[in-house]
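Novice: So here's coords19.cif, just mmCIF, C-alpha atoms and all ligand atoms:
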data_protein
loop_
_atom_site.label_atom_id
_atom_site.label_comp_id
_atom_site.auth_asym_id
_atom_site.auth_seq_id
_atom_site.Cartn_x
_atom_site.Cartn_y
_atom_site.Cartn_z
CA MET N 15 0.00 0.00 0.00
CA THR N 16 1.39 3.41 -0.91
CA GLU N 17 1.75 6.05 1.78
CA GLN N 18 -0.85 8.20 0.00
CA LEU N 19 -3.43 5.39 0.04
CA LYS N 20 -2.74 4.78 3.72
CA GLN N 21 -3.28 8.44 4.52
CA LEU N 22 -6.60 8.48 2.68
CA ARG N 23 -7.75 5.35 4.50
CA ASP N 24 -6.68 6.81 7.84
CA LYS N 25 -8.92 9.79 7.06
CA ILE N 26 -11.83 7.48 6.28
CA ASP N 27 -11.24 5.65 9.58
CA ALA N 28 -11.33 8.94 11.46
CA ILE N 29 -14.54 9.99 9.70
CA ASP N 30 -16.11 6.58 10.40
CA ASN N 31 -15.34 6.99 14.10
CA GLU N 32 -17.07 10.38 14.07
CA LEU N 33 -20.02 9.00 12.09
CA LEU N 34 -20.40 6.13 14.52
CA LYS N 35 -20.51 8.51 17.47
CA LEU N 36 -23.01 10.77 15.70
CA ILE N 37 -25.27 7.93 14.56
CA ASN N 38 -25.33 6.54 18.09
CA ALA N 39 -26.13 9.99 19.46
CA ARG N 40 -28.99 10.17 16.93
CA ALA N 41 -30.26 6.74 17.99
CA ALA N 42 -30.20 7.81 21.66
CA LEU N 43 -32.26 10.92 20.79
CA ALA N 44 -34.78 8.81 18.86
CA GLN N 45 -35.10 6.53 21.90
CA GLU N 46 -35.70 9.57 24.08
CA ILE N 47 -38.37 10.84 21.64
CA GLY N 48 -39.89 7.36 21.68
CA ARG N 49 -40.25 7.51 25.46
CA ARG N 50 -41.82 10.99 25.35
CA LYS N 51 -44.25 10.80 22.45
CA ASN N 52 -47.10 8.66 23.52
CA GLY N 53 -48.84 6.63 20.89
CA VAL N 54 -47.55 5.68 17.49
CA THR N 55 -43.85 5.34 16.76
CA TYR N 56 -43.89 5.72 12.98
CA ARG N 57 -44.38 9.34 11.92
CA PRO N 58 -44.38 9.42 8.12
CA GLU N 59 -44.68 13.21 7.99
CA ARG N 60 -41.56 13.70 10.12
CA GLU N 61 -39.53 11.14 8.16
CA SER N 62 -40.55 12.82 4.92
CA GLN N 63 -39.48 16.23 6.28
CA VAL N 64 -36.11 14.85 7.45
CA LEU N 65 -35.41 13.31 4.04
CA THR N 66 -36.55 16.37 2.09
CA ARG N 67 -34.38 18.67 4.19
CA LEU N 68 -31.33 16.46 3.69
CA GLN N 69 -31.93 16.26 -0.07
CA GLN N 70 -32.11 20.03 -0.21
CA SER N 71 -28.92 20.56 1.78
CA ASN N 72 -26.97 17.82 0.00
CA SER N 73 -24.00 19.25 -1.87
CA GLY N 74 -22.74 15.93 -3.25
CA PRO N 75 -20.89 14.04 -4.55
CA LEU N 76 -23.58 11.59 -3.33
CA THR N 77 -26.80 11.84 -5.35
CA SER N 78 -30.10 12.77 -3.67
CA GLU N 79 -31.27 9.22 -4.23
CA ARG N 80 -28.26 7.77 -2.37
CA VAL N 81 -28.67 10.26 0.47
CA THR N 82 -32.31 9.24 0.83
CA GLN N 83 -31.37 5.57 0.80
CA LEU N 84 -28.64 6.03 3.45
CA PHE N 85 -30.78 8.10 5.76
CA THR N 86 -33.77 5.79 5.30
CA GLU N 87 -31.55 3.07 6.78
CA ILE N 88 -30.36 5.31 9.61
CA ILE N 89 -33.95 6.27 10.46
CA SER N 90 -34.96 2.61 10.17
CA ALA N 91 -32.34 1.60 12.75
CA CYS N 92 -33.29 4.51 15.06
CA ARG N 93 -37.03 3.75 14.73
CA ALA N 94 -36.43 0.11 15.61
CA MET N 95 -34.79 1.23 18.88
CA GLU N 96 -38.13 2.83 19.75
CA GLU N 97 -40.26 -0.11 18.62
CA PRO N 98 -39.69 -2.89 16.06
CA LEU N 99 -42.35 -2.51 13.34
CA THR N 100 -43.94 -5.39 11.45
CA ILE N 101 -44.83 -4.66 7.82
CA ALA N 102 -47.14 -6.97 5.83
CA TYR N 103 -46.70 -7.04 2.05
CA LEU N 104 -47.69 -9.01 -1.01
CA GLY N 105 -45.13 -11.84 -1.04
CA PRO N 106 -43.39 -14.10 -1.56
CA GLN N 107 -39.97 -12.78 -0.59
CA GLY N 108 -38.16 -11.17 -3.50
CA THR N 109 -41.16 -9.40 -5.07
CA PHE N 110 -41.31 -5.73 -6.05
CA SER N 111 -43.67 -5.23 -3.08
CA GLU N 112 -40.83 -6.27 -0.79
CA GLU N 113 -38.54 -3.77 -2.54
CA ALA N 114 -41.17 -1.11 -1.89
CA VAL N 115 -41.20 -2.01 1.85
CA THR N 116 -37.42 -1.58 2.01
CA LYS N 117 -37.54 1.66 0.05
CA ARG N 118 -39.90 3.21 2.58
CA PHE N 119 -39.12 1.50 5.89
CA GLY N 120 -35.45 0.45 5.44
CA ASN N 121 -34.13 -2.93 6.49
CA THR N 122 -34.62 -2.74 10.25
CA VAL N 123 -38.23 -3.92 10.24
CA LEU N 124 -39.89 -7.30 10.56
CA THR N 125 -41.66 -8.32 7.39
CA LEU N 126 -44.67 -10.53 6.87
CA ALA N 127 -45.01 -11.93 3.33
CA CYS N 128 -48.70 -12.49 2.49
CA HIS N 129 -50.23 -14.67 -0.25
CA THR N 130 -52.81 -12.13 -1.38
CA ILE N 131 -53.65 -8.43 -1.19
CA ASP N 132 -56.65 -9.43 0.97
CA ASP N 133 -54.25 -11.05 3.45
CA VAL N 134 -52.19 -7.85 3.70
CA PHE N 135 -55.32 -5.90 4.68
CA ARG N 136 -56.35 -8.66 7.11
CA GLU N 137 -52.97 -8.76 8.87
CA VAL N 138 -53.08 -5.00 9.49
CA GLU N 139 -56.77 -4.96 10.45
CA SER N 140 -56.21 -7.75 12.98
CA GLY N 141 -53.18 -5.98 14.46
CA SER N 142 -50.72 -8.73 13.46
CA ALA N 143 -48.81 -6.15 11.43
CA HIS N 144 -48.42 -2.43 12.14
CA TYR N 145 -48.59 -1.44 8.46
CA GLY N 146 -49.19 -3.03 5.09
CA VAL N 147 -47.79 -2.24 1.66
CA VAL N 148 -50.02 -2.93 -1.35
CA PRO N 149 -49.65 -2.13 -5.07
CA VAL N 150 -52.29 0.33 -6.31
CA GLU N 151 -51.29 1.22 -9.88
CA ASN N 152 -48.66 0.60 -12.51
CA SER N 153 -47.69 3.13 -15.15
CA THR N 154 -48.14 0.61 -17.98
CA GLU N 155 -50.63 -1.93 -16.59
CA GLY N 156 -53.00 0.52 -14.86
CA ALA N 157 -54.95 0.21 -11.61
CA VAL N 158 -54.82 -2.75 -9.21
CA GLY N 159 -58.55 -3.35 -8.83
CA ARG N 160 -58.40 -5.59 -5.76
CA THR N 161 -56.54 -2.97 -3.72
CA MET N 162 -59.12 -0.35 -4.67
CA ASP N 163 -62.06 -2.60 -3.78
CA LEU N 164 -60.53 -3.34 -0.39
CA LEU N 165 -59.80 0.34 0.29
CA LEU N 166 -63.49 1.00 -0.15
CA GLN N 167 -64.41 -1.43 2.63
CA THR N 168 -61.53 -1.27 5.11
CA PRO N 169 -61.47 0.74 8.34
CA LEU N 170 -57.73 1.27 7.70
CA THR N 171 -56.27 4.56 6.49
CA VAL N 172 -53.75 5.34 3.79
CA CYS N 173 -50.57 6.50 5.58
CA GLY N 174 -48.17 6.80 2.66
CA GLU N 175 -47.32 6.14 -0.95
CA ILE N 176 -44.20 4.62 -2.49
CA GLU N 177 -43.19 4.92 -6.12
CA LEU N 178 -40.89 2.17 -7.30
CA ALA N 179 -39.18 2.05 -10.70
CA VAL N 180 -39.72 -1.48 -11.93
CA HIS N 181 -36.44 -2.82 -13.28
CA GLN N 182 -36.34 -6.35 -14.60
CA TYR N 183 -33.26 -8.55 -14.42
CA LEU N 184 -32.38 -11.76 -16.22
CA MET N 185 -30.90 -14.17 -13.68
CA ALA N 186 -29.70 -17.77 -13.65
CA GLN N 187 -27.34 -20.14 -11.85
CA GLN N 188 -24.62 -19.05 -14.29
CA SER N 189 -24.15 -15.97 -16.46
CA ASP N 190 -23.79 -17.58 -19.90
CA LEU N 191 -26.77 -16.47 -22.02
CA ALA N 192 -26.03 -19.19 -24.61
CA ALA N 193 -26.69 -21.90 -22.01
CA ILE N 194 -30.28 -20.78 -21.32
CA GLN N 195 -32.84 -23.37 -22.41
CA LYS N 196 -35.84 -22.20 -20.36
CA ILE N 197 -37.11 -18.90 -19.02
CA TYR N 198 -39.39 -18.74 -16.00
CA SER N 199 -41.33 -15.50 -15.70
CA HIS N 200 -44.62 -13.92 -14.83
CA PRO N 201 -46.44 -13.42 -18.19
CA GLN N 202 -46.54 -9.62 -17.66
CA SER N 203 -42.80 -9.46 -17.03
CA PHE N 204 -42.09 -11.53 -20.12
CA ALA N 205 -44.21 -9.16 -22.20
CA GLN N 206 -42.42 -6.16 -20.67
CA CYS N 207 -39.02 -7.54 -21.79
CA LEU N 208 -39.85 -9.10 -25.15
CA GLY N 209 -37.88 -6.58 -27.24
CA TRP N 210 -34.72 -7.09 -25.19
CA LEU N 211 -35.09 -10.89 -25.21
CA LYS N 212 -35.47 -10.97 -29.01
CA THR N 213 -32.35 -8.87 -29.49
CA HIS N 214 -30.11 -10.58 -26.96
CA LEU N 215 -31.24 -14.20 -27.23
CA PRO N 216 -31.16 -14.95 -30.96
CA ASN N 217 -32.40 -18.49 -30.29
CA LEU N 218 -35.42 -17.26 -28.30
CA GLN N 219 -37.73 -19.44 -30.47
CA THR N 220 -36.09 -22.58 -29.13
CA ILE N 221 -36.15 -21.47 -25.48
CA ALA N 222 -39.06 -22.86 -23.44
CA ARG N 223 -41.13 -20.15 -21.77
CA ILE N 224 -42.70 -21.18 -18.49
CA ASP N 225 -45.28 -19.01 -16.71
CA ALA N 226 -44.69 -18.37 -13.02
CA ALA N 227 -47.13 -17.00 -10.43
CA SER N 228 -44.84 -14.07 -9.57
CA ASN N 229 -41.35 -12.84 -10.31
CA ALA N 230 -40.14 -14.34 -7.05
CA ASP N 231 -41.72 -17.68 -7.97
CA ALA N 232 -39.85 -17.53 -11.30
CA ALA N 233 -36.54 -16.93 -9.51
CA SER N 234 -37.15 -19.72 -6.98
CA ARG N 235 -37.81 -22.20 -9.82
CA ALA N 236 -34.71 -21.12 -11.76
CA ALA N 237 -32.70 -21.68 -8.59
CA THR N 238 -33.36 -25.41 -8.84
CA ASP N 239 -33.16 -25.75 -12.63
CA GLN N 240 -29.65 -25.64 -14.08
CA ASN N 241 -30.22 -24.44 -17.62
CA ALA N 242 -33.05 -22.13 -16.76
CA ALA N 243 -33.14 -18.37 -16.30
CA ALA N 244 -35.76 -16.16 -14.63
CA ILE N 245 -36.97 -12.63 -15.17
CA ALA N 246 -37.40 -10.90 -11.81
CA GLY N 247 -36.41 -7.93 -9.69
CA LYS N 248 -32.90 -7.51 -8.26
CA LYS N 249 -33.98 -8.56 -4.79
CA ALA N 250 -35.09 -11.98 -6.04
CA ALA N 251 -31.54 -12.73 -7.27
CA ALA N 252 -30.21 -12.11 -3.77
CA VAL N 253 -33.00 -14.08 -2.07
CA PHE N 254 -32.57 -17.15 -4.29
CA GLY N 255 -28.79 -16.95 -4.80
CA LEU N 256 -28.89 -16.41 -8.56
CA THR N 257 -26.32 -14.67 -10.77
CA ILE N 258 -27.51 -11.58 -12.62
CA CYS N 259 -26.97 -12.11 -16.38
CA ALA N 260 -28.40 -8.76 -17.52
CA LYS N 261 -29.81 -5.64 -15.84
CA ASN N 262 -32.72 -3.37 -16.75
CA ILE N 263 -34.01 -5.55 -19.57
CA GLU N 264 -37.48 -3.94 -19.58
CA ASP N 265 -38.46 -2.32 -22.90
CA GLU N 266 -40.23 0.59 -21.18
CA PRO N 267 -37.57 2.31 -19.02
CA ASN N 268 -40.03 4.45 -17.02
CA ASN N 269 -42.21 1.60 -15.84
CA THR N 270 -43.19 2.51 -12.28
CA THR N 271 -45.45 0.88 -9.72
CA ARG N 272 -47.14 2.93 -7.04
CA PHE N 273 -47.77 1.30 -3.66
CA LEU N 274 -49.81 2.50 -0.69
CA VAL N 275 -48.91 2.13 2.97
CA ILE N 276 -52.01 1.17 4.93
CA GLY N 277 -52.29 1.50 8.69
CA THR N 278 -54.47 2.73 11.51
CA GLN N 279 -53.32 6.32 12.04
CA GLN N 280 -54.22 9.76 10.76
CA VAL N 281 -50.94 11.21 9.49
CA SER N 282 -50.16 14.87 10.30
CA VAL N 283 -49.25 17.55 7.76
CA SER N 284 -45.76 17.22 6.24
CA GLY N 285 -45.98 20.25 3.94
CA LYS N 286 -46.02 18.22 0.71
CA ASP N 287 -48.98 15.92 1.03
CA LYS N 288 -51.61 14.07 -0.91
CA THR N 289 -55.12 13.05 0.07
CA SER N 290 -56.96 10.02 -1.30
CA ILE N 291 -60.73 9.92 -1.33
CA VAL N 292 -63.40 7.68 -2.78
CA LEU N 293 -66.87 8.94 -3.62
CA SER N 294 -69.95 8.27 -5.64
CA THR N 295 -72.63 10.41 -7.15
CA SER N 296 -76.06 9.94 -8.63
CA ASN N 297 -76.20 8.58 -12.15
CA ARG N 298 -77.36 11.60 -14.18
CA PRO N 299 -75.84 13.81 -16.90
CA GLY N 300 -73.20 16.23 -15.67
CA ALA N 301 -73.13 14.74 -12.16
CA ILE N 302 -69.38 14.06 -12.03
CA HIS N 303 -68.58 17.48 -13.52
CA GLU N 304 -70.71 19.15 -10.86
CA LEU N 305 -69.21 17.02 -8.13
CA LEU N 306 -65.66 18.02 -9.03
CA ALA N 307 -66.41 21.75 -9.27
CA PRO N 308 -65.37 22.45 -5.62
CA LEU N 309 -61.87 21.14 -6.40
CA ALA N 310 -61.48 23.74 -9.14
CA ARG N 311 -63.02 26.48 -6.98
CA TYR N 312 -60.56 25.90 -4.12
CA GLN N 313 -57.64 25.43 -6.55
CA VAL N 314 -57.04 21.83 -5.59
CA SER N 315 -54.96 19.82 -8.07
CA MET N 316 -56.17 16.35 -8.83
CA THR N 317 -53.39 13.82 -9.53
CA ARG N 318 -55.57 10.78 -10.18
CA LEU N 319 -59.16 9.95 -11.08
CA GLU N 320 -60.14 6.32 -11.47
CA SER N 321 -63.57 4.73 -11.62
CA ARG N 322 -64.53 1.27 -10.34
CA PRO N 323 -67.86 -0.57 -10.36
CA SER N 324 -69.44 0.02 -6.94
CA ARG N 325 -70.55 -3.64 -6.70
CA LYS N 326 -73.86 -2.36 -5.32
CA GLY N 327 -75.96 -1.72 -8.43
CA LEU N 328 -75.54 -2.43 -12.13
CA TRP N 329 -73.56 0.36 -13.87
CA GLU N 330 -73.01 2.22 -10.63
CA TYR N 331 -69.52 3.49 -10.07
CA VAL N 332 -67.31 4.86 -7.33
CA PHE N 333 -64.54 7.33 -8.12
CA PHE N 334 -61.10 7.17 -6.55
CA ILE N 335 -59.54 10.60 -6.47
CA ASP N 336 -56.08 11.72 -5.32
CA ILE N 337 -55.54 15.39 -4.69
CA GLU N 338 -52.53 17.47 -3.73
CA GLY N 339 -52.62 18.74 -0.14
CA HIS N 340 -53.62 17.54 3.32
CA GLN N 341 -57.18 17.32 4.62
CA GLU N 342 -56.15 19.73 7.41
CA ASN N 343 -55.10 22.41 4.86
CA GLU N 344 -57.80 25.07 4.78
CA ASN N 345 -58.60 24.92 1.04
CA ILE N 346 -58.67 21.11 1.08
CA ALA N 347 -60.92 21.02 4.15
CA LYS N 348 -63.39 23.42 2.50
CA ALA N 349 -63.34 21.55 -0.84
CA LEU N 350 -63.92 18.24 0.96
CA GLU N 351 -66.81 19.70 2.95
CA GLU N 352 -68.51 20.79 -0.27
CA LEU N 353 -67.79 17.49 -1.96
CA ARG N 354 -69.37 15.70 0.98
CA SER N 355 -72.54 17.75 0.66
CA LYS N 356 -72.83 16.90 -3.05
CA ALA N 357 -71.74 13.27 -3.14
CA THR N 358 -74.07 10.40 -2.34
CA PHE N 359 -71.11 8.76 -0.60
CA LEU N 360 -67.65 10.04 0.38
CA LYS N 361 -64.85 8.36 2.29
CA ILE N 362 -61.53 10.03 3.04
CA LEU N 363 -58.96 7.25 2.76
CA GLY N 364 -56.20 9.38 4.25
CA SER N 365 -53.72 12.22 3.89
CA TYR N 366 -50.04 11.34 3.66
CA PRO N 367 -46.67 12.70 2.46
CA ALA N 368 -46.27 12.62 -1.33
CA ALA N 369 -43.67 10.10 -2.54
CA GLN N 370 -40.14 11.56 -2.66
O1 LIG N 401 -39.16 12.30 15.38
C1 LIG N 401 -39.63 11.24 15.83
O2 LIG N 401 -40.84 11.16 16.20
C2 LIG N 401 -38.81 10.05 15.95
O3 LIG N 401 -39.23 9.08 16.53
C3 LIG N 401 -37.47 9.99 15.29
C4 LIG N 401 -37.54 9.39 13.89
C5 LIG N 401 -36.11 9.55 13.26
O4 LIG N 401 -35.30 8.63 13.43
O5 LIG N 401 -35.85 10.63 12.73
C6 LIG N 401 -37.88 7.94 13.96
C7 LIG N 401 -39.16 7.49 13.77
C8 LIG N 401 -40.27 8.35 13.33
O6 LIG N 401 -41.02 7.74 12.34
C9 LIG N 401 -39.81 9.68 12.89
C10 LIG N 401 -38.53 10.10 13.06
#
Starting from the file, give its structure as structure tokens.

Specialist:
Amino acid sequence: MTEQLKQLRDKIDAIDNELLKLINARAALAQEIGRRKNGVTYRPERESQVLTRLQQSNSGPLTSERVTQLFTEIISACRAMEEPLTIAYLGPQGTFSEEAVTKRFGNTVLTLACHTIDDVFREVESGSAHYGVVPVENSTEGAVGRTMDLLLQTPLTVCGEIELAVHQYLMAQQSDLAAIQKIYSHPQSFAQCLGWLKTHLPNLQTIARIDAASNADAASRAATDQNAAAIAGKKAAAVFGLTICAKNIEDEPNNTTRFLVIGTQQVSVSGKDKTSIVLSTSNRPGAIHELLAPLARYQVSMTRLESRPSRKGLWEYVFFIDIEGHQENENIAKALEELRSKATFLKILGSYPAAQ
């Protein structure tokens, strides 16, 4: 080792010692806060403010994304000193839902992989998990109907949203593309990567394509099949001990899935919030236009409008609406009050910090 290299490493050691002291001091403060604030440990609005502030004061060379990732882990470790949280998600292990859990809560949480979206709701409703993470929409596939139907019925509230870029990986027990004789994948994932597969696997016609129930299922099957590959998320490769043969093989680079965090609390104002509501109106001409007029009047921006059959009467619909702002903001509160007086049904699903 050259003297110069040694000096640089000595500096890193000194910084690490300082960081360690500071991180422990932070953890001790979080513990103290935990003892003083009675009630819920997880405060999404505060975590969002901490991360936003750090992103704004970051002068690099680390990117904002890396800073968020690092501090999410620091907060995760501090939060766990207050109380270990259990998070239910749509499993099995290695799915994009699990990646979404880590993106929001960090790694210092207990996770509960559920078979279905219904099970995620059930685990949180019964108190077996503190929070649940469920997919609600995908930028190319559209809305996740089951999540929306359950939101309509549940006593739970929406406490957060997570946006996850969906990157697909080709993985196998070895990295030689020429050796691949089978590909396990969820049909949707296969369709999302078809262009890449055609270009990079010239013998694609001769490769057997086997449908899997999920990306994680595909990876688990490839882990026991020597000449097989799987299409799945990065996490699945780590969970099932597979080698990554190719990264980001999706044809649509901006494919994003949005998840909701469901829980039992009303989240306070963070300063950059969203509110999700579901409502219905009578079935007559102009009704939906009239219903939405208060949003325009109070200058409330709508980020999503989705209709679903109400399951009550034939051709009756409920509308899922996301707006910018918190239900405690004055203009939002007024707009919601007016909406309530016009709608035949209105349920506020929750206000929560907008995804970073
Ligand atoms: O500020 C708090 O309420 C804390 O408990 C501290 C802290 C953090 O580590 O910054 C941890 C958990 C909460 O979700 C929010 C923030």

Novice: Find the residues near stretch 123-133 of chain N: any atom within 6 Å, counting only C-alpha atoms, skip ones fewer than 2 places away on the same chain, and give them as an MDAnalysis selection string.

Specialist: chainID N and resid 99:106 121 135:136

Novice: Distance cut-off 12 Å, centre (-28.9, 7.1, 4.4) in file coordinates, counting only C-alpha atoms: which residues qualify? Return them as a PyMOL selection string.

Specialist: chain N and resi 33+37+61+64-65+68-69+72+76-92+117-121

Novice: Give the residues close to ligand LIG 401 (chain N), within 6 Å, counting all atoms listed in the file; write them as a ChimeraX atom specification.

Specialist: /N:44,47-48,55-58,60-61,89,92-93

Novice: Those selected residues, please, written with C-alpha atoms and delivered as a compact mmCIF listing (two decimals), in the frame of the given file.

Specialist:
# COMPACT_ATOMS: atom_id res chain seq x y z
CA ALA N 44 -34.78 8.81 18.86
CA ILE N 47 -38.37 10.84 21.64
CA GLY N 48 -39.89 7.36 21.68
CA THR N 55 -43.85 5.34 16.76
CA TYR N 56 -43.89 5.72 12.98
CA ARG N 57 -44.38 9.34 11.92
CA PRO N 58 -44.38 9.42 8.12
CA ARG N 60 -41.56 13.70 10.12
CA GLU N 61 -39.53 11.14 8.16
CA ILE N 89 -33.95 6.27 10.46
CA CYS N 92 -33.29 4.51 15.06
CA ARG N 93 -37.03 3.75 14.73

Novice: Just to confirm, what's the straight-line distance from atom CA of N:Pro323 to atom CA of N:Gly156 in Å (one decimal)?

Specialist: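 Atom CA of N:Pro323 sits 15.6 Å away from atom CA of N:Gly156.
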
Novice: One decimal, Å: what's the distance from atom CA of N:Ser111 over to atom CA of N:Arg318, could you say?

Specialist: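 Those two atoms sit 21.2 Å apart.
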
Novice: What gap, in Å, lies between atom CA of N:Asn31 and atom CA of N:Arg50?

Specialist: 29.0 Å

Novice: Rank N:Leu170, N:Ser284, N:Glu96, N:Ser189 by their smallest atom-to-atom distance to N:Gly53, using only C-alpha atoms, and report the top residue only.

Specialist: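 Smallest separation from N:Gly53 among the options: N:Glu96.
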
Novice: For N:Asp336, which residue out of N:Ala233, N:Ile224, N:Ala301, N:Ile362 is the nearest one, using all atoms listed in the file?

Specialist: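 Comparing N:Ala233, N:Ile224, N:Ala301, N:Ile362 against N:Asp336, the winner is N:Ile362.
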
Novice: Within 9 Å of N:Phe204, counting only C-alpha atoms, which residues show up once you throw out same-chain ones fewer than 3 positions away? Write them as a PyMOL selection string, please.

Specialist: chain N and resi 197-201+207-208+211+223+225+245+264

Novice: Quick one: residues within 9 Å of stretch 354-357 of chain N, all atoms listed in the file counted, chain neighbours fewer than 6 positions away excluded, as a list in words?

Specialist: Leu293, Ser294, Thr295, Ser296, Glu304 and Leu305 of chain N

Novice: Go through N:Val281, N:Ala186, N:Ala251, N:Glu46 and flag the residue nearest N:Thr238, using all atoms listed in the file for the distances.

Specialist: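 Of all the options, N:Ala186 lies closest to N:Thr238.
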
Novice: Between N:Ile302, N:Ala242, N:Leu353, N:Cys173, which residue has the minimum interatomic distance to N:His144, considering only C-alpha atoms?

Specialist: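 Going through N:Ile302, N:Ala242, N:Leu353, N:Cys173 one by one, the smallest distance to N:His144 is for N:Cys173.
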
Novice: Got a sec: who's within 12 Å of N:Thr109, counting all atoms listed in the file, leaving out chain neighbours fewer than 3 positions off, as a PyMOL selection string?

Specialist: chain N and resi 103-106+112-116+127-129+147-149+178+180-182+200+227-234+245-254

Novice: Return the single residue from N:Ala260, N:Ala236, N:Met162, N:Ala222 that is closest to N:Ile335, with distances computed using only C-alpha atoms.

Specialist: N:Met162
